[in-house]
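**Student:** Below you will find the structure I want to go over with you.
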Amino acid sequence: MTDDVNARHAAKMKKIKAARDRMMATKTEEKGLIIVHTGKGKGKSSSGFGMVFRSIAHGMPCAVVQFIKGGRATGERSLLQEHFADQCRFVVSGEGFTWETQDRARDIAAARAGWEQAKAFIRDPEIRFVLLDEINIALRNDYLDIDEVVEFLMTEKPDMTHVCLTGRNAKPELIEAADLVSEMELVKHPFRDGIKAQAGVEF
C-alpha cells in the first residue's frame, strides 16, 4: 500500500470521525428501553440472552420469563441457573409449543401466570433488564391482551429498566410502542434440509 493511499485513507477517516463525534455529542439522554426482536429468522432469543449476559457483566440484575417453550433444557437456562442464579431470576411459564399442549385454556393460563411474574420483575427496582422470551407468540395467539401489555410497559415500567420481548410476528401495537425493534430475516436454515435442532446452536 502506497503512502498516497494511506494518506487518502487517513484523511477520509478523519472526516468520518469528526462527523461521528459531532453526532455523538448530541446523544446525551439515558432511558430504559422497550426492545423487540421479531421476524422469521433465527437469533431472536439468542440476542435477548446475549443482552442478559451483557447486563450481568455490568452488574445489572436481570430476570427471564420464558413463554411457550416449556421445560426443555436449554444452554442459556442451565448456565444462568447454575452460575448466575444470584444475578438473574429465571421463570419458565410455558408448557411447550402450542401444537404439543393442544389445550388452549392451559396455554392461556400458563401465559397469564408468566405475565403476572413478568410484571412483578419489571416493577422491581433492583432488576434492570427483563427478557420476555417468546411473549410475541402468546400475544399473537391472544393468550395475552396486547393493549394490556403495551399499557403496562408504557405506564408502569421504571424509567431505567430495559425490557426485551422476543418472538415472531410482533404485533403492530408493540412495534409502535418500542424504542428498538430488530427483525431477523431468514435466508437459509438447516431444518429445511432435514437437520434437527443442534445443541449449542438452537438450544
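All residue names refer to the C-alpha cells as shown: chains lettered A, B, ... in order, residues numbered from 1 in each chain, ligands numbered from 1 in order.
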Can you tell me, as a list in words, what residues are no more than 10 Å from Leu139 (chain A) when counting only C-alpha atoms, ignoring any on the same chain fewer than 5 positions away?
**Tutor:**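 Final neighbour list, sorted by chain and number: Ala111, Glu134, Leu144, Asp145, Ile146, Asp147, Val149, Gly167, Asn169, Ala170, Lys171 and Leu174 of chain A.
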**Student:** List the spatial neighbours of Glu202 (chain A) as a ChimeraX atom specification - criterion: any atom at most 10 Å away, only C-alpha atoms, same-chain residues fewer than 3 positions off excluded.
**Tutor:** /A:42-43,45-46,74-75,196-199
**Student:** My list of candidates is A:Cys88, A:Val65, A:Ile34, A:Ala177. Which is closest to Ala110 (chain A) when distances are computed with only C-alpha atoms?
**Tutor:**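 Once distances to Ala110 (chain A) are computed over only C-alpha atoms, the minimum belongs to A:Val65.
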**Student:** Hey, which of A:Ala113, A:Phe203, A:Ser55, A:Thr26 ends up closest to Arg77 (chain A)? Count only C-alpha atoms.
**Tutor:**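 For Arg77 (chain A), the nearest of the candidates is A:Phe203.
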**Student:** Can you list, as a PyMOL selection string, every protein, DNA or RNA residue that comes within 12 Å of Ile137 (chain A) when you count only C-alpha atoms, leaving out same-chain residues fewer than 4 positions away?
**Tutor:** chain A and resi 37-39+66-69+94+96-98+107-108+111+132-133+141-146+165-171
**Student:** Tell me which protein, DNA and RNA residues are within 9 Å of Gly32 (chain A), counting only C-alpha atoms, leaving out same-chain ones fewer than 3 positions away, and put them as a list in words.
**Tutor:**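 Residues near the query, excluding close chain neighbours: Arg128, Phe129, Lys157, Pro158, Asp159, Met160, Thr161, His162 and Val163 of chain A.
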**Student:** Give the answer as one residue: which of A:Ala73, A:Leu131, A:Ile35, A:Ala118 has the shortest atom-to-atom distance to Phe53 (chain A), using only C-alpha atoms?
**Tutor:**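 Smallest separation from Phe53 (chain A) among the options: A:Leu131.
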**Student:** Any chance you could list, as a ChimeraX atom specification, the residues in region 135-175 of chain A that come up alpha helix (DSSP H) when DSSP is run on the backbone?
**Tutor:** /A:135-140,146-155,172-175
**Student:** Those selected residues, please, written with N, CA and C atoms and delivered as a PDB file, in the first residue's frame.
**Tutor:**
```
ATOM      1  N   ILE A 135     -42.713 -14.052  24.174  1.00  0.00           N
ATOM      2  CA  ILE A 135     -44.012 -13.481  24.543  1.00  0.00           C
ATOM      3  C   ILE A 135     -44.806 -13.082  23.305  1.00  0.00           C
ATOM      4  N   ASN A 136     -44.117 -12.771  22.206  1.00  0.00           N
ATOM      5  CA  ASN A 136     -44.840 -12.388  20.991  1.00  0.00           C
ATOM      6  C   ASN A 136     -45.734 -13.512  20.478  1.00  0.00           C
ATOM      7  N   ILE A 137     -45.341 -14.759  20.732  1.00  0.00           N
ATOM      8  CA  ILE A 137     -46.191 -15.889  20.321  1.00  0.00           C
ATOM      9  C   ILE A 137     -47.470 -15.891  21.147  1.00  0.00           C
ATOM     10  N   ALA A 138     -47.319 -15.675  22.458  1.00  0.00           N
ATOM     11  CA  ALA A 138     -48.504 -15.609  23.326  1.00  0.00           C
ATOM     12  C   ALA A 138     -49.409 -14.444  22.929  1.00  0.00           C
ATOM     13  N   LEU A 139     -48.816 -13.331  22.543  1.00  0.00           N
ATOM     14  CA  LEU A 139     -49.613 -12.182  22.110  1.00  0.00           C
ATOM     15  C   LEU A 139     -50.282 -12.453  20.767  1.00  0.00           C
ATOM     16  N   ARG A 140     -49.548 -13.062  19.848  1.00  0.00           N
ATOM     17  CA  ARG A 140     -50.114 -13.363  18.527  1.00  0.00           C
ATOM     18  C   ARG A 140     -51.319 -14.290  18.644  1.00  0.00           C
ATOM     19  N   ILE A 146     -52.846  -7.569  24.040  1.00  0.00           N
ATOM     20  CA  ILE A 146     -51.778  -6.674  23.603  1.00  0.00           C
ATOM     21  C   ILE A 146     -51.925  -5.289  24.205  1.00  0.00           C
ATOM     22  N   ASP A 147     -53.141  -4.792  24.335  1.00  0.00           N
ATOM     23  CA  ASP A 147     -53.341  -3.456  24.894  1.00  0.00           C
ATOM     24  C   ASP A 147     -52.907  -3.404  26.356  1.00  0.00           C
ATOM     25  N   GLU A 148     -53.197  -4.467  27.087  1.00  0.00           N
ATOM     26  CA  GLU A 148     -52.787  -4.524  28.493  1.00  0.00           C
ATOM     27  C   GLU A 148     -51.263  -4.525  28.615  1.00  0.00           C
ATOM     28  N   VAL A 149     -50.609  -5.325  27.776  1.00  0.00           N
ATOM     29  CA  VAL A 149     -49.145  -5.430  27.836  1.00  0.00           C
ATOM     30  C   VAL A 149     -48.507  -4.096  27.477  1.00  0.00           C
ATOM     31  N   VAL A 150     -48.964  -3.477  26.403  1.00  0.00           N
ATOM     32  CA  VAL A 150     -48.384  -2.197  25.979  1.00  0.00           C
ATOM     33  C   VAL A 150     -48.633  -1.115  27.025  1.00  0.00           C
ATOM     34  N   GLU A 151     -49.842  -1.043  27.542  1.00  0.00           N
ATOM     35  CA  GLU A 151     -50.146  -0.025  28.550  1.00  0.00           C
ATOM     36  C   GLU A 151     -49.260  -0.191  29.781  1.00  0.00           C
ATOM     37  N   PHE A 152     -49.056  -1.440  30.215  1.00  0.00           N
ATOM     38  CA  PHE A 152     -48.205  -1.676  31.377  1.00  0.00           C
ATOM     39  C   PHE A 152     -46.773  -1.203  31.101  1.00  0.00           C
ATOM     40  N   LEU A 153     -46.243  -1.568  29.944  1.00  0.00           N
ATOM     41  CA  LEU A 153     -44.874  -1.175  29.611  1.00  0.00           C
ATOM     42  C   LEU A 153     -44.728   0.343  29.539  1.00  0.00           C
ATOM     43  N   MET A 154     -45.741   1.015  29.022  1.00  0.00           N
ATOM     44  CA  MET A 154     -45.670   2.460  28.845  1.00  0.00           C
ATOM     45  C   MET A 154     -45.896   3.233  30.143  1.00  0.00           C
ATOM     46  N   THR A 155     -46.646   2.658  31.084  1.00  0.00           N
ATOM     47  CA  THR A 155     -47.029   3.423  32.272  1.00  0.00           C
ATOM     48  C   THR A 155     -46.404   2.929  33.565  1.00  0.00           C
ATOM     49  N   PRO A 172     -48.352  -4.939  15.715  1.00  0.00           N
ATOM     50  CA  PRO A 172     -48.057  -3.539  15.386  1.00  0.00           C
ATOM     51  C   PRO A 172     -48.080  -2.617  16.599  1.00  0.00           C
ATOM     52  N   GLU A 173     -48.978  -2.869  17.533  1.00  0.00           N
ATOM     53  CA  GLU A 173     -49.072  -2.011  18.716  1.00  0.00           C
ATOM     54  C   GLU A 173     -47.778  -2.051  19.533  1.00  0.00           C
ATOM     55  N   LEU A 174     -47.176  -3.241  19.612  1.00  0.00           N
ATOM     56  CA  LEU A 174     -45.930  -3.378  20.359  1.00  0.00           C
ATOM     57  C   LEU A 174     -44.779  -2.717  19.610  1.00  0.00           C
ATOM     58  N   ILE A 175     -44.737  -2.909  18.309  1.00  0.00           N
ATOM     59  CA  ILE A 175     -43.692  -2.274  17.498  1.00  0.00           C
ATOM     60  C   ILE A 175     -43.772  -0.753  17.622  1.00  0.00           C
TER      61      ILE A 175
END
```
**Student:** In Å, rounded to a single decimal, give me how far CA of Met24 (chain A) is from CA of His9 (chain A).
**Tutor:**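 Interatomic distance here is 22.1 Å.
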**Student:** Could you go through region 8-200 of chain A and tell me which residues DSSP, when run on the backbone, assigns to strand (DSSP E or B), listing them as a list in words?
**Tutor:**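 Filtering region 8-200 of chain A to strand (DSSP E or B) leaves Ile34, Ile35, Val36, His37, Thr38, Cys62, Ala63, Val64, Val65, Gln66, Cys88, Arg89, Phe90, Val91, Val92, Phe129, Val130, Leu131, Leu132, Asp133, His162, Val163, Cys164, Leu165, Thr166, Leu180, Val181, Ser182 and Glu183 of chain A.
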**Student:** Give me, please, the distance in Å between CA of Met60 (chain A) and CA of Ala85 (chain A), quoted to one decimal.
**Tutor:** 13.0 Å
**Student:** Quick one: pull the distance between CA of Gln87 (chain A) and CA of Arg72 (chain A), Å, one decimal.
**Tutor:**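 According to the coordinates, CA of Gln87 (chain A) and CA of Arg72 (chain A) are separated by 22.0 Å.
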